[in-house]
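Let me begin by presenting the structure, written as structure tokens, before commenting on it.
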Amino acid sequence: MHARISYSGRLKTLRLLGLLATSLLVLSPLRAQDAKFAADNLKYSRDFYSKVHLVAIVKLDLGSAGTADFKYDRYPNGGPEGIQSGNAEFARKDGKTWLRSNDWGETGKPVDAQTSKRLNNWVGLIDARLNGDPVSNDSSEGATVMKFLGKEDHGEREEFAFEESKEKPKANSYPHISFGRYKNAKDQQVLLSHFSGPMRLGAREAKVDISFSYLVAVQIKEETNGTESPLPSPANGAGSGGQSAAAESSSPASPANEQSVEDLVNRGIEKGKEGDLDAAIADFNRAIELNPKDDAPYYNRAQAKRLKKDAAGAVADYTRAIELGSTNPAAYNNRGNARAENNDRDGAIADYTRAIELKPDYARAYYNRAVAKQEKGDAIGAKTDFKTAGKLDPELASDESATDSKSNPSSGVTSVSLLDGKFKLDLPSEFSRDADDPKDPKTLAKFSGPDGAWGIVLRGTNGLTPDKLDGYLKMRVAEYSKGFKWLPKDSHLQWLKKDIVTIDGRKWADWRYVPMLKGKKDYSHNPVYTRFLTTSYKGQLLEISFTSNLNTDPGLKDEINRIMDSVHLDE
């Protein structure tokens, strides 16, 4: 059965719009006609393709067994490999187990032995062509002969075609090999660009057609929240790339219709730069019609829609670009900007957080997230992100006056706002909010205090309805009362409170303890004073806890109580 697949939409990052010229020199006819020329340039191609993101598009004719198409990606320096065939995607890292995965092996399940063998055979076809030696001898069939067939004109490119045969041939058909170059190139080598002919595939012979290409990194544009910028030019890229983790460029061997898509997108970008956004969008629409699996037109149409103040439309197009395979952090950063403009601050913060997860030094994403948090009333979270952004990029040093204005300078207390402003607590100057951890979504906020004191707000660690609050409290008290390994010998937990209380009309479990040595009555200078407040919020547990840790200052216990007494939660 013939498998129909799309080769342009599942690249790890977006492509640069417009082909980059491979720098190669015109070859003399005399050199182009011998096997040594083919051998030299095959060796050059093998070395070149080992240092770039190799892409091979393969068509297989297995005779009575049917046909199959697949696309193979291999990143350099021991990077991941990927195969797309039909709707199935596979990946592996370090040449190990193949996984059924659409995120380059970050997640996925191992394939069965038969599928693994098939994928290895497919990769073997590509390696065999790259590692072949057209001047090698075979005692059974004789020496390989490379016959120069001629030079073919492909617009900006030239192809040098050869036929590979044996002095004592057994086959009735001969492989064809092409090397390509741009006409305006300057170097002396050409790159292997195409192979077609019979090859062994496992236990059978297949007719194989392989197009070789590559992707190269380039720098492209990223955006700061609230800053309207023109569409990126083709020279700077048009995909949703990051500051250093670049977009990527198609090689000379890209399918024919991709060039027309790229022409349309490039033209749309130029129209957008001139201010004709409607005409730009029309070009992007046409590009999408030609190849709906190409992510670049969607990304650029999103850019144009943002400039037209169509934030919702921009979000939809950014989302489609991401669905088509982009894991580039700037795709999430820019969608976050569009969501912020559409008053979806939670969605924006989630996108900025994902961008930071993909690129931990992404200064602009920290800055944008700080703005969104500030607009949500989360002054502490905003201040933390502004500070991080400023450290990573001095040009983004924040204006913290808005954040500071939300603080009470006379008391040194800052209001922390969570859950869309429904949850608030007052944080004294001795405590600061830690940076959010995108890998720990159940933690709404963490706080650090003097001498190791800390606090945390948890949400959704388990379901909890109001009628089960009392049972939850008794269960936790029983668990804690069994003692801890870290408690000194002859000590126990002294429960200072373990009651159901009502705060602003809502029931909370208020439970507090401190470790006590046997026979001691005064706990004021004991370490590890800990207080919890637990309630049911929308059917899930919401729990706040603060502890003095090893700090023995009685004043810190009072600070913790003031923090907990300031907690306010609206339904």
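As shown in the structure tokens, the chain order sets the letters A, B, ...; within each chain, residues go from 1, and ligands are also counted from 1 in the order they appear.
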
> So which bits of stretch 43-151 of chain A end up strand (DSSP E or B) when you DSSP the backbone, as a PyMOL selection string?
Replying inline: chain A and resi 53-61+67-74+81-85+88-92+99-100+109-110+137-138+142-151

Would you put the residues from that selection into a file with N, CA and C atoms, as a short mmCIF file (atom, residue, chain, number, x, y, z; two decimals), in the first residue's frame?
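Generated output (out-v7.cif):
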data_model
loop_
_atom_site.label_atom_id
_atom_site.label_comp_id
_atom_site.auth_asym_id
_atom_site.auth_seq_id
_atom_site.Cartn_x
_atom_site.Cartn_y
_atom_site.Cartn_z
N HIS A 53 21.86 19.34 9.94
CA HIS A 53 20.61 18.59 10.10
C HIS A 53 20.26 18.00 8.74
N LEU A 54 20.55 16.71 8.57
CA LEU A 54 20.30 15.99 7.32
C LEU A 54 18.83 15.65 7.20
N VAL A 55 18.29 15.83 6.01
CA VAL A 55 16.92 15.41 5.70
C VAL A 55 16.97 14.58 4.42
N ALA A 56 16.38 13.40 4.45
CA ALA A 56 16.29 12.55 3.26
C ALA A 56 14.84 12.16 3.05
N ILE A 57 14.37 12.34 1.83
CA ILE A 57 13.01 11.96 1.45
C ILE A 57 13.11 10.74 0.54
N VAL A 58 12.48 9.64 0.93
CA VAL A 58 12.72 8.35 0.29
C VAL A 58 11.40 7.76 -0.22
N LYS A 59 11.45 7.23 -1.44
CA LYS A 59 10.34 6.49 -2.01
C LYS A 59 10.83 5.09 -2.32
N LEU A 60 10.06 4.09 -1.88
CA LEU A 60 10.44 2.69 -2.06
C LEU A 60 9.40 1.97 -2.90
N ASP A 61 9.88 1.22 -3.89
CA ASP A 61 9.01 0.33 -4.67
C ASP A 61 9.48 -1.09 -4.36
N THR A 67 4.47 -0.31 -2.00
CA THR A 67 5.35 0.85 -1.99
C THR A 67 5.27 1.52 -0.62
N ALA A 68 6.26 2.34 -0.34
CA ALA A 68 6.27 3.08 0.92
C ALA A 68 7.10 4.35 0.74
N ASP A 69 6.70 5.41 1.40
CA ASP A 69 7.44 6.66 1.42
C ASP A 69 7.77 7.01 2.87
N PHE A 70 8.90 7.65 3.08
CA PHE A 70 9.21 8.14 4.42
C PHE A 70 10.18 9.32 4.34
N LYS A 71 10.20 10.08 5.41
CA LYS A 71 11.13 11.20 5.56
C LYS A 71 12.02 10.92 6.77
N TYR A 72 13.32 11.08 6.58
CA TYR A 72 14.29 10.80 7.65
C TYR A 72 15.02 12.07 8.02
N ASP A 73 15.07 12.39 9.32
CA ASP A 73 15.82 13.53 9.85
C ASP A 73 16.91 13.03 10.77
N ARG A 74 18.08 13.63 10.66
CA ARG A 74 19.16 13.28 11.58
C ARG A 74 19.90 14.55 11.98
N GLU A 81 17.34 11.23 15.92
CA GLU A 81 16.91 10.87 14.57
C GLU A 81 15.40 10.74 14.57
N GLY A 82 14.80 11.03 13.43
CA GLY A 82 13.36 10.91 13.33
C GLY A 82 12.93 10.37 11.99
N ILE A 83 11.86 9.61 11.97
CA ILE A 83 11.28 9.09 10.73
C ILE A 83 9.79 9.37 10.75
N GLN A 84 9.29 9.92 9.65
CA GLN A 84 7.85 10.13 9.48
C GLN A 84 7.39 9.32 8.29
N SER A 85 6.40 8.48 8.49
CA SER A 85 5.84 7.67 7.42
C SER A 85 4.33 7.66 7.57
N ALA A 88 2.41 8.16 10.98
CA ALA A 88 3.22 7.61 12.08
C ALA A 88 4.55 8.37 12.16
N GLU A 89 4.98 8.64 13.40
CA GLU A 89 6.25 9.31 13.63
C GLU A 89 7.05 8.52 14.65
N PHE A 90 8.36 8.43 14.37
CA PHE A 90 9.26 7.66 15.22
C PHE A 90 10.51 8.48 15.49
N ALA A 91 11.16 8.21 16.62
CA ALA A 91 12.39 8.93 16.96
C ALA A 91 13.25 8.05 17.85
N ARG A 92 14.55 8.33 17.83
CA ARG A 92 15.46 7.67 18.76
C ARG A 92 16.61 8.62 19.06
N LEU A 99 11.35 4.89 19.32
CA LEU A 99 10.10 5.15 20.02
C LEU A 99 9.07 5.67 19.04
N ARG A 100 7.82 5.34 19.27
CA ARG A 100 6.73 6.00 18.53
C ARG A 100 6.54 7.36 19.21
N LYS A 109 6.55 5.49 23.31
CA LYS A 109 6.65 4.09 23.69
C LYS A 109 7.52 3.34 22.68
N PRO A 110 8.33 2.39 23.15
CA PRO A 110 9.18 1.62 22.24
C PRO A 110 8.35 0.87 21.20
N ASN A 137 36.05 -1.91 -5.95
CA ASN A 137 35.98 -3.10 -6.80
C ASN A 137 35.16 -4.19 -6.14
N ASP A 138 34.51 -4.97 -6.91
CA ASP A 138 33.76 -6.12 -6.44
C ASP A 138 34.17 -7.29 -7.33
N GLY A 142 33.02 -6.95 -10.88
CA GLY A 142 33.97 -6.06 -11.51
C GLY A 142 33.96 -4.68 -10.88
N ALA A 143 34.78 -3.79 -11.41
CA ALA A 143 34.92 -2.45 -10.86
C ALA A 143 33.69 -1.60 -11.18
N THR A 144 33.41 -0.66 -10.26
CA THR A 144 32.32 0.27 -10.47
C THR A 144 32.72 1.29 -11.53
N VAL A 145 31.80 1.56 -12.43
CA VAL A 145 32.04 2.55 -13.47
C VAL A 145 31.03 3.69 -13.30
N MET A 146 31.54 4.94 -13.25
CA MET A 146 30.67 6.10 -13.16
C MET A 146 30.67 6.81 -14.50
N LYS A 147 29.54 6.80 -15.15
CA LYS A 147 29.41 7.41 -16.46
C LYS A 147 28.71 8.75 -16.33
N PHE A 148 29.36 9.81 -16.79
CA PHE A 148 28.76 11.15 -16.74
C PHE A 148 27.68 11.26 -17.82
N LEU A 149 26.45 11.57 -17.38
CA LEU A 149 25.34 11.65 -18.31
C LEU A 149 25.11 13.06 -18.83
N GLY A 150 25.47 14.04 -18.04
CA GLY A 150 25.27 15.41 -18.51
C GLY A 150 24.92 16.36 -17.38
N LYS A 151 24.84 17.62 -17.73
CA LYS A 151 24.50 18.68 -16.77
C LYS A 151 23.09 19.14 -17.07
#

> Within 6 Å of stretch 357-367 of chain A, counting only C-alpha atoms, which residues qualify if same-chain residues fewer than 4 places away don't, as a VMD selection string?
Replying inline: chain A and resid 224 329 333 352 385 to 386 389 392

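With only C-alpha atoms as the atoms that count, the minimum distance from A:Asn549 to the choices A:His525, A:Arg562, A:Lys117, A:His194 is reached by A:His525.
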
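Shortest atom-to-atom contact with A:Gly421 among A:Asp570, A:Leu473, A:Leu444, A:Lys482: A:Asp570, counting only C-alpha atoms.
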
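Here atom CA of A:Thr530 stands at a distance of 24.8 Å from atom CA of A:Asp378.
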
> Skipping near chain neighbours, those fewer than 5 positions away, what residues fall within 12 Å of A:Asp436 using only C-alpha atoms, listed as number ranges by chain?
Replying inline: A: 349-350, 352-354, 356-357, 360, 366, 369-370, 373, 380-382, 384-385, 388, 441-447, 456-457

>> I want to know what sits within 10 Å of A:Lys93, based on only C-alpha atoms, with residues of the same chain fewer than 3 positions away left out; could you give that as a VMD selection string?
In response: chain A and resid 74 to 75 78 to 82 96 to 99 104 to 106

>> When you count only C-alpha atoms, which of these residues is closest to A:Leu62: A:Arg301, A:Gly377, A:Tyr332, A:Val208?
In response: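 Among the listed residues, the smallest separation from A:Leu62 belongs to A:Val208.
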
> Near stretch 546-548 of chain A, counting only C-alpha atoms, which residues have an atom at most 8 Å away, once you skip same-chain residues fewer than 2 positions from it, shown as a list in words?
Replying inline: Gly452, Ala453, Trp454, Gly455, Ile456, Pro527, Val528, Tyr529, Thr530, Arg531, Phe532, Ile544, Leu550, Asn551, Thr552, Leu556, Lys557 and Ile560 of chain A

Just N, CA, C and O atoms for this one: save the residues we selected as a PDB file, in the first residue's frame.
ATOM      1  N   GLY A 452      16.572  29.976  56.133  1.00  0.00           N
ATOM      2  CA  GLY A 452      15.968  28.747  55.630  1.00  0.00           C
ATOM      3  C   GLY A 452      14.482  28.621  55.820  1.00  0.00           C
ATOM      4  O   GLY A 452      13.897  27.592  55.442  1.00  0.00           O
ATOM      5  N   ALA A 453      13.845  29.612  56.425  1.00  0.00           N
ATOM      6  CA  ALA A 453      12.381  29.571  56.535  1.00  0.00           C
ATOM      7  C   ALA A 453      11.771  29.583  55.136  1.00  0.00           C
ATOM      8  O   ALA A 453      12.339  30.160  54.200  1.00  0.00           O
ATOM      9  N   TRP A 454      10.616  28.941  54.979  1.00  0.00           N
ATOM     10  CA  TRP A 454      10.014  28.883  53.654  1.00  0.00           C
ATOM     11  C   TRP A 454       8.507  28.691  53.745  1.00  0.00           C
ATOM     12  O   TRP A 454       7.964  28.372  54.812  1.00  0.00           O
ATOM     13  N   GLY A 455       7.844  28.867  52.618  1.00  0.00           N
ATOM     14  CA  GLY A 455       6.403  28.671  52.534  1.00  0.00           C
ATOM     15  C   GLY A 455       6.026  28.169  51.155  1.00  0.00           C
ATOM     16  O   GLY A 455       6.809  28.264  50.208  1.00  0.00           O
ATOM     17  N   ILE A 456       4.817  27.628  51.026  1.00  0.00           N
ATOM     18  CA  ILE A 456       4.373  27.088  49.744  1.00  0.00           C
ATOM     19  C   ILE A 456       2.851  27.121  49.676  1.00  0.00           C
ATOM     20  O   ILE A 456       2.169  26.996  50.702  1.00  0.00           O
ATOM     21  N   PRO A 527      13.001  25.335  67.075  1.00  0.00           N
ATOM     22  CA  PRO A 527      12.981  25.446  65.607  1.00  0.00           C
ATOM     23  C   PRO A 527      11.778  24.711  65.026  1.00  0.00           C
ATOM     24  O   PRO A 527      11.026  24.033  65.729  1.00  0.00           O
ATOM     25  N   VAL A 528      11.597  24.845  63.734  1.00  0.00           N
ATOM     26  CA  VAL A 528      10.614  24.115  62.935  1.00  0.00           C
ATOM     27  C   VAL A 528       9.178  24.375  63.388  1.00  0.00           C
ATOM     28  O   VAL A 528       8.351  23.464  63.451  1.00  0.00           O
ATOM     29  N   TYR A 529       8.864  25.611  63.713  1.00  0.00           N
ATOM     30  CA  TYR A 529       7.457  25.962  63.909  1.00  0.00           C
ATOM     31  C   TYR A 529       6.787  25.922  62.537  1.00  0.00           C
ATOM     32  O   TYR A 529       7.245  26.555  61.573  1.00  0.00           O
ATOM     33  N   THR A 530       5.684  25.169  62.411  1.00  0.00           N
ATOM     34  CA  THR A 530       5.023  24.966  61.119  1.00  0.00           C
ATOM     35  C   THR A 530       3.526  25.173  61.272  1.00  0.00           C
ATOM     36  O   THR A 530       2.918  24.668  62.223  1.00  0.00           O
ATOM     37  N   ARG A 531       2.956  25.896  60.296  1.00  0.00           N
ATOM     38  CA  ARG A 531       1.516  26.133  60.308  1.00  0.00           C
ATOM     39  C   ARG A 531       0.934  25.860  58.931  1.00  0.00           C
ATOM     40  O   ARG A 531       1.510  26.251  57.902  1.00  0.00           O
ATOM     41  N   PHE A 532      -0.204  25.172  58.920  1.00  0.00           N
ATOM     42  CA  PHE A 532      -0.923  24.861  57.689  1.00  0.00           C
ATOM     43  C   PHE A 532      -2.308  25.503  57.713  1.00  0.00           C
ATOM     44  O   PHE A 532      -2.938  25.587  58.769  1.00  0.00           O
ATOM     45  N   ILE A 544      -1.909  25.962  52.186  1.00  0.00           N
ATOM     46  CA  ILE A 544      -0.828  26.913  52.399  1.00  0.00           C
ATOM     47  C   ILE A 544      -0.058  26.466  53.630  1.00  0.00           C
ATOM     48  O   ILE A 544      -0.659  26.103  54.656  1.00  0.00           O
ATOM     49  N   LEU A 550      14.931  25.925  60.716  1.00  0.00           N
ATOM     50  CA  LEU A 550      15.834  25.862  61.874  1.00  0.00           C
ATOM     51  C   LEU A 550      15.940  27.179  62.628  1.00  0.00           C
ATOM     52  O   LEU A 550      16.683  27.276  63.611  1.00  0.00           O
ATOM     53  N   ASN A 551      15.238  28.181  62.165  1.00  0.00           N
ATOM     54  CA  ASN A 551      15.286  29.486  62.830  1.00  0.00           C
ATOM     55  C   ASN A 551      14.555  29.411  64.171  1.00  0.00           C
ATOM     56  O   ASN A 551      13.419  28.935  64.246  1.00  0.00           O
ATOM     57  N   THR A 552      15.190  29.867  65.228  1.00  0.00           N
ATOM     58  CA  THR A 552      14.601  29.780  66.582  1.00  0.00           C
ATOM     59  C   THR A 552      14.099  31.117  67.104  1.00  0.00           C
ATOM     60  O   THR A 552      13.709  31.221  68.268  1.00  0.00           O
ATOM     61  N   LEU A 556       9.997  35.294  64.287  1.00  0.00           N
ATOM     62  CA  LEU A 556       9.681  34.678  62.997  1.00  0.00           C
ATOM     63  C   LEU A 556       8.360  33.907  63.089  1.00  0.00           C
ATOM     64  O   LEU A 556       7.583  33.894  62.128  1.00  0.00           O
ATOM     65  N   LYS A 557       8.107  33.275  64.211  1.00  0.00           N
ATOM     66  CA  LYS A 557       6.828  32.580  64.389  1.00  0.00           C
ATOM     67  C   LYS A 557       5.669  33.575  64.305  1.00  0.00           C
ATOM     68  O   LYS A 557       4.616  33.284  63.729  1.00  0.00           O
ATOM     69  N   ILE A 560       5.119  34.401  60.646  1.00  0.00           N
ATOM     70  CA  ILE A 560       4.391  33.336  59.961  1.00  0.00           C
ATOM     71  C   ILE A 560       2.903  33.424  60.282  1.00  0.00           C
ATOM     72  O   ILE A 560       2.040  33.278  59.400  1.00  0.00           O
TER      73      ILE A 560
END

> Near A:Arg506, within 10 Å and counting only C-alpha atoms, which residues show up once chain neighbours fewer than 5 positions away are dropped, as number ranges by chain?
Replying inline: A: 466, 501, 535-537, 568-571

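Here atom CA of A:Leu192 is placed at a distance of 18.2 Å from atom CA of A:Trp122.
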
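Separating atom CA of A:Val514 from atom CA of A:Asp467 is a distance of 27.8 Å.
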
DSSP helix (DSSP H, G or I) residues within stretch 351-490 of chain A, listed as a tab-separated table (two decimals) with N, CA and C atoms, in the first residue's frame:
chain	number	residue	atom	x	y	z
A	351	ASP	N	2.04	30.17	28.22
A	351	ASP	CA	2.91	30.15	27.04
A	351	ASP	C	4.31	30.65	27.37
A	352	TYR	N	4.40	31.74	28.13
A	352	TYR	CA	5.73	32.24	28.51
A	352	TYR	C	6.47	31.19	29.34
A	353	THR	N	5.74	30.51	30.22
A	353	THR	CA	6.36	29.47	31.05
A	353	THR	C	6.89	28.34	30.18
A	354	ARG	N	6.10	27.94	29.15
A	354	ARG	CA	6.56	26.89	28.24
A	354	ARG	C	7.79	27.34	27.46
A	355	ALA	N	7.82	28.60	27.05
A	355	ALA	CA	8.99	29.12	26.34
A	355	ALA	C	10.23	29.06	27.24
A	356	ILE	N	10.06	29.42	28.51
A	356	ILE	CA	11.18	29.39	29.46
A	356	ILE	C	11.62	27.95	29.72
A	357	GLU	N	10.66	27.04	29.76
A	357	GLU	CA	10.99	25.63	29.95
A	357	GLU	C	11.87	25.13	28.81
A	358	LEU	N	11.55	25.54	27.58
A	358	LEU	CA	12.32	25.13	26.41
A	358	LEU	C	13.66	25.86	26.33
A	363	ALA	N	15.34	35.62	28.12
A	363	ALA	CA	15.11	36.86	28.87
A	363	ALA	C	13.78	37.51	28.50
A	364	ARG	N	13.45	37.55	27.22
A	364	ARG	CA	12.22	38.22	26.80
A	364	ARG	C	10.98	37.52	27.34
A	365	ALA	N	11.03	36.18	27.41
A	365	ALA	CA	9.88	35.45	27.94
A	365	ALA	C	9.70	35.75	29.43
A	366	TYR	N	10.81	35.85	30.16
A	366	TYR	CA	10.71	36.25	31.58
A	366	TYR	C	10.10	37.64	31.70
A	367	TYR	N	10.56	38.56	30.85
A	367	TYR	CA	10.05	39.93	30.90
A	367	TYR	C	8.55	39.96	30.58
A	368	ASN	N	8.17	39.25	29.53
A	368	ASN	CA	6.76	39.23	29.14
A	368	ASN	C	5.89	38.60	30.24
A	369	ARG	N	6.41	37.55	30.86
A	369	ARG	CA	5.65	36.92	31.93
A	369	ARG	C	5.52	37.86	33.13
A	370	ALA	N	6.57	38.64	33.38
A	370	ALA	CA	6.52	39.62	34.46
A	370	ALA	C	5.41	40.64	34.22
A	371	VAL	N	5.30	41.11	32.97
A	371	VAL	CA	4.25	42.08	32.63
A	371	VAL	C	2.87	41.47	32.88
A	372	ALA	N	2.69	40.22	32.42
A	372	ALA	CA	1.39	39.57	32.58
A	372	ALA	C	1.07	39.36	34.06
A	373	LYS	N	2.06	38.96	34.84
A	373	LYS	CA	1.82	38.76	36.27
A	373	LYS	C	1.49	40.08	36.97
A	374	GLN	N	2.19	41.13	36.55
A	374	GLN	CA	1.93	42.44	37.14
A	374	GLN	C	0.50	42.87	36.86
A	375	GLU	N	0.03	42.61	35.64
A	375	GLU	CA	-1.33	42.99	35.28
A	375	GLU	C	-2.37	42.15	36.03
A	379	ALA	N	2.35	41.00	42.29
A	379	ALA	CA	3.51	41.89	42.34
A	379	ALA	C	4.80	41.13	42.63
A	380	ILE	N	4.73	40.15	43.53
A	380	ILE	CA	5.93	39.41	43.90
A	380	ILE	C	6.43	38.57	42.71
A	381	GLY	N	5.50	37.87	42.05
A	381	GLY	CA	5.89	37.07	40.89
A	381	GLY	C	6.45	37.93	39.78
A	382	ALA	N	5.84	39.10	39.57
A	382	ALA	CA	6.34	40.02	38.54
A	382	ALA	C	7.74	40.50	38.88
A	383	LYS	N	7.95	40.86	40.13
A	383	LYS	CA	9.25	41.37	40.54
A	383	LYS	C	10.34	40.32	40.34
A	384	THR	N	10.02	39.07	40.65
A	384	THR	CA	11.00	37.99	40.46
A	384	THR	C	11.36	37.82	39.00
A	385	ASP	N	10.35	37.84	38.12
A	385	ASP	CA	10.62	37.66	36.69
A	385	ASP	C	11.32	38.88	36.09
A	386	PHE	N	10.95	40.08	36.53
A	386	PHE	CA	11.66	41.27	36.06
A	386	PHE	C	13.15	41.18	36.42
A	387	LYS	N	13.42	40.73	37.63
A	387	LYS	CA	14.79	40.62	38.10
A	387	LYS	C	15.58	39.62	37.27
A	388	THR	N	14.96	38.46	36.99
A	388	THR	CA	15.63	37.44	36.16
A	388	THR	C	15.87	37.96	34.75
A	389	ALA	N	14.87	38.63	34.17
A	389	ALA	CA	15.03	39.17	32.82
A	389	ALA	C	16.17	40.17	32.76
A	390	GLY	N	16.27	41.03	33.79
A	390	GLY	CA	17.33	42.02	33.82
A	390	GLY	C	18.71	41.40	33.94
A	391	LYS	N	18.83	40.30	34.67
A	391	LYS	CA	20.12	39.63	34.79
A	391	LYS	C	20.53	38.99	33.47
A	392	LEU	N	19.55	38.41	32.77
A	392	LEU	CA	19.85	37.73	31.51
A	392	LEU	C	20.12	38.71	30.38
A	394	PRO	N	20.60	42.92	30.19
A	394	PRO	CA	20.56	44.24	30.83
A	394	PRO	C	19.65	45.23	30.12
A	395	GLU	N	19.45	45.05	28.80
A	395	GLU	CA	18.57	45.98	28.07
A	395	GLU	C	17.11	45.81	28.48
A	396	LEU	N	16.80	44.69	29.12
A	396	LEU	CA	15.44	44.45	29.57
A	396	LEU	C	15.29	44.71	31.06
A	401	SER	N	8.74	50.32	39.15
A	401	SER	CA	7.92	51.28	39.89
A	401	SER	C	6.48	50.80	40.03
A	402	ALA	N	5.96	50.15	38.96
A	402	ALA	CA	4.59	49.66	39.04
A	402	ALA	C	4.48	48.56	40.09
A	403	THR	N	5.49	47.69	40.12
A	403	THR	CA	5.50	46.63	41.12
A	403	THR	C	5.62	47.21	42.51
A	404	ASP	N	6.53	48.17	42.68
A	404	ASP	CA	6.75	48.75	43.99
A	404	ASP	C	5.52	49.51	44.48
A	405	SER	N	4.76	50.08	43.56
A	405	SER	CA	3.61	50.87	43.96
A	405	SER	C	2.51	50.00	44.56
A	450	PRO	N	14.05	34.14	56.08
A	450	PRO	CA	15.38	34.19	56.71
A	450	PRO	C	15.80	32.84	57.29
A	451	ASP	N	17.09	32.55	57.17
A	451	ASP	CA	17.69	31.35	57.77
A	451	ASP	C	16.97	30.07	57.38
A	452	GLY	N	16.57	29.98	56.13
A	452	GLY	CA	15.97	28.75	55.63
A	452	GLY	C	14.48	28.62	55.82
A	466	PRO	N	-15.77	20.01	50.67
A	466	PRO	CA	-15.89	20.61	52.01
A	466	PRO	C	-16.30	19.62	53.09
A	467	ASP	N	-17.15	18.65	52.76
A	467	ASP	CA	-17.61	17.71	53.77
A	467	ASP	C	-16.52	16.73	54.23
A	468	LYS	N	-15.43	16.66	53.47
A	468	LYS	CA	-14.34	15.75	53.82
A	468	LYS	C	-13.17	16.47	54.49
A	469	LEU	N	-13.33	17.76	54.73
A	469	LEU	CA	-12.23	18.54	55.29
A	469	LEU	C	-11.84	18.05	56.68
A	470	ASP	N	-12.84	17.76	57.52
A	470	ASP	CA	-12.56	17.32	58.88
A	470	ASP	C	-11.81	15.98	58.87
A	471	GLY	N	-12.24	15.06	58.01
A	471	GLY	CA	-11.56	13.77	57.90
A	471	GLY	C	-10.14	13.92	57.40
A	472	TYR	N	-9.94	14.85	56.46
A	472	TYR	CA	-8.59	15.09	55.94
A	472	TYR	C	-7.68	15.59	57.07
A	473	LEU	N	-8.19	16.51	57.90
A	473	LEU	CA	-7.39	17.05	59.00
A	473	LEU	C	-6.99	15.94	59.97
A	474	LYS	N	-7.94	15.09	60.36
A	474	LYS	CA	-7.64	14.02	61.31
A	474	LYS	C	-6.61	13.05	60.73
A	475	MET	N	-6.71	12.76	59.44
A	475	MET	CA	-5.77	11.86	58.79
A	475	MET	C	-4.35	12.44	58.82
A	476	ARG	N	-4.22	13.72	58.48
A	476	ARG	CA	-2.90	14.34	58.43
A	476	ARG	C	-2.30	14.48	59.82
A	477	VAL	N	-3.11	14.83	60.79
A	477	VAL	CA	-2.62	14.94	62.17
A	477	VAL	C	-2.10	13.58	62.64
A	478	ALA	N	-2.84	12.51	62.32
A	478	ALA	CA	-2.41	11.17	62.70
A	478	ALA	C	-1.09	10.81	62.04
A	479	GLU	N	-0.95	11.16	60.76
A	479	GLU	CA	0.29	10.85	60.04
A	479	GLU	C	1.47	11.57	60.68
A	480	TYR	N	1.29	12.87	60.95
A	480	TYR	CA	2.38	13.65	61.52
A	480	TYR	C	2.70	13.22	62.94
A	481	SER	N	1.68	12.78	63.70
A	481	SER	CA	1.88	12.43	65.11
A	481	SER	C	2.73	11.17	65.27

>> Using only C-alpha atoms, which protein or nucleic acid residues come within 9 Å of stretch 338-347 of chain A? Drop anything in the same chain fewer than 4 positions from it, and give the result as a list in words.
In response: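 Near neighbours after the sequence-gap exclusion: Asn225, Gly226, Ala302, Arg306, Lys309, Asp310, Ala311, Ala312, Gly313, Ala314, Val315, Tyr318, Asn333, Asn334, Asp351, Tyr352, Ala372, Lys373, Glu375, Lys376 and Asp420 of chain A.
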